[in-house]
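K.L.:
Got upload-v1.csv for you, CSV, C-alpha atoms:
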chain,number,residue,atom,x,y,z
A,1,GLY,CA,2.9,-12.0,26.6
A,2,GLN,CA,1.2,-14.3,24.2
A,3,THR,CA,-1.6,-13.1,22.0
A,4,SER,CA,-4.8,-15.0,22.1
A,5,LYS,CA,-7.2,-15.6,19.2
A,6,ILE,CA,-10.3,-13.5,19.1
A,7,THR,CA,-13.5,-15.4,19.7
A,8,GLU,CA,-16.7,-15.1,17.6
A,9,GLU,CA,-18.4,-13.8,20.8
A,10,ARG,CA,-15.8,-11.0,21.2
A,11,ILE,CA,-16.1,-10.1,17.5
A,12,HIS,CA,-19.9,-9.9,17.9
A,13,LYS,CA,-19.6,-7.7,21.0
A,14,LEU,CA,-17.2,-5.3,19.3
A,15,GLU,CA,-19.5,-5.1,16.2
A,16,GLU,CA,-22.5,-4.5,18.4
A,17,ILE,CA,-21.0,-1.2,19.5
A,18,GLY,CA,-19.9,-0.2,16.0
A,19,PHE,CA,-16.3,-1.2,16.1
A,20,VAL,CA,-14.5,-0.3,12.8
A,21,TRP,CA,-12.3,-3.2,11.7
A,22,ASP,CA,-10.7,-1.4,8.8
A,23,ALA,CA,-9.9,2.0,10.1
A,24,SER,CA,-9.0,3.2,6.5
A,25,SER,CA,-12.7,2.9,5.6
A,26,ASP,CA,-13.8,4.9,8.7
A,27,ASP,CA,-16.5,7.2,7.2
A,28,GLU,CA,-16.7,9.3,10.3
A,29,GLY,CA,-13.0,9.9,10.4
A,30,TRP,CA,-13.0,10.7,6.7
A,31,MET,CA,-15.9,13.2,7.1
A,32,TRP,CA,-14.1,14.9,10.0
A,33,MET,CA,-11.0,15.4,7.9
A,34,PHE,CA,-13.1,16.5,4.9
A,35,GLN,CA,-14.6,19.2,7.2
A,36,GLU,CA,-11.0,20.2,8.2
A,37,LEU,CA,-10.2,20.6,4.5
A,38,THR,CA,-13.4,22.6,3.9
A,39,GLU,CA,-12.3,25.0,6.7
A,40,TYR,CA,-8.8,25.2,5.2
A,41,LYS,CA,-10.3,26.2,1.8
A,42,GLU,CA,-12.5,28.8,3.4
A,43,LYS,CA,-9.5,30.4,5.0
A,44,ARG,CA,-7.0,29.9,2.1
A,45,GLY,CA,-9.1,29.8,-1.0
A,46,ASP,CA,-7.7,26.5,-2.2
A,47,CYS,CA,-7.2,22.9,-1.3
A,48,LEU,CA,-3.5,22.9,-1.8
A,49,VAL,CA,-2.6,21.6,1.7
A,50,PRO,CA,1.1,20.8,1.9
A,51,SER,CA,1.8,17.2,3.0
A,52,ARG,CA,3.9,18.7,5.9
A,53,TYR,CA,1.4,21.4,6.8
A,54,LYS,CA,2.5,22.7,10.2
A,55,GLY,CA,-0.9,24.3,10.9
A,56,ASN,CA,-2.5,20.9,10.9
A,57,PRO,CA,-0.1,17.9,10.3
A,58,LYS,CA,-3.0,15.4,10.2
A,59,LEU,CA,-4.8,17.4,7.5
A,60,GLY,CA,-1.6,17.5,5.4
A,61,ASN,CA,-1.1,13.8,5.7
A,62,TRP,CA,-4.8,13.1,5.0
A,63,VAL,CA,-4.8,15.2,1.8
A,64,ASN,CA,-1.6,13.5,0.7
A,65,THR,CA,-3.2,10.1,1.3
A,66,GLN,CA,-6.3,11.1,-0.7
A,67,ARG,CA,-4.2,12.2,-3.6
A,68,LYS,CA,-2.2,8.9,-3.6
A,69,MET,CA,-5.5,6.9,-3.4
A,70,TYR,CA,-6.9,8.9,-6.3
A,71,HIS,CA,-3.8,8.3,-8.5
A,72,ASN,CA,-3.7,4.6,-7.6
A,73,THR,CA,-7.4,4.3,-8.5
A,74,LYS,CA,-6.8,6.0,-11.9
A,75,LYS,CA,-3.9,3.5,-12.5
A,76,GLY,CA,-6.2,0.6,-11.6
A,77,GLU,CA,-4.3,-0.2,-8.4
A,78,THR,CA,-7.2,0.1,-5.9
Could I get this structure in the form of structure tokens?

P.N.:
Amino acid sequence: GQTSKITEERIHKLEEIGFVWDASSDDEGWMWMFQELTEYKEKRGDCLVPSRYKGNPKLGNWVNTQRKMYHNTKKGET
């Protein structure tokens, strides 16, 4: 199958329903994971989630990503 170019009309329709083009800047998803981290801290007393946390692999990955983004920002690599 050949991919077709997206039209301005289709872009507009997607944006009308709140489509997120850059999923990495998805505030709702970030807030969801932040809530998961808050619950982890309530249970464990810290935010030291292992990157390969078996209890919630997505949380472990998210925390690892937040740490990398923080270090990149500190280095000026945003």

K.L.:
Enter the distance from CA of Lys43 in chain A to CA of Asp27 in chain A, in Å, rounded to one decimal.

P.N.:
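Distance reported for this atom pair: 24.3 Å.
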
K.L.:
Can you tell me which residues surround range 60-75 of chain A at a distance of at most 7 Å, considering only C-alpha atoms, apart from same-chain residues fewer than 3 positions away, and format the answer as a list in words?

P.N.:
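The residues that qualify are Val49, Pro50, Ser51, Arg52, Tyr53, Asn56, Pro57 and Thr78 of chain A.
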
K.L.:
Just give me the gap between CA of Phe34 in chain A and CA of Leu59 in chain A in Å, one decimal is fine.

P.N.:
8.7 Å

K.L.:
Just how far from CA of Gly55 in chain A is CA of Met33 in chain A, in Å to one decimal?

P.N.:
13.8 Å

K.L.:
Nearest to Leu37 in chain A among A:Lys58, A:Glu16, A:Gly76, A:Arg10, with distances taken over only C-alpha atoms: which residue is it?

P.N.:
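Closest to Leu37 in chain A, using only C-alpha atoms: A:Lys58.
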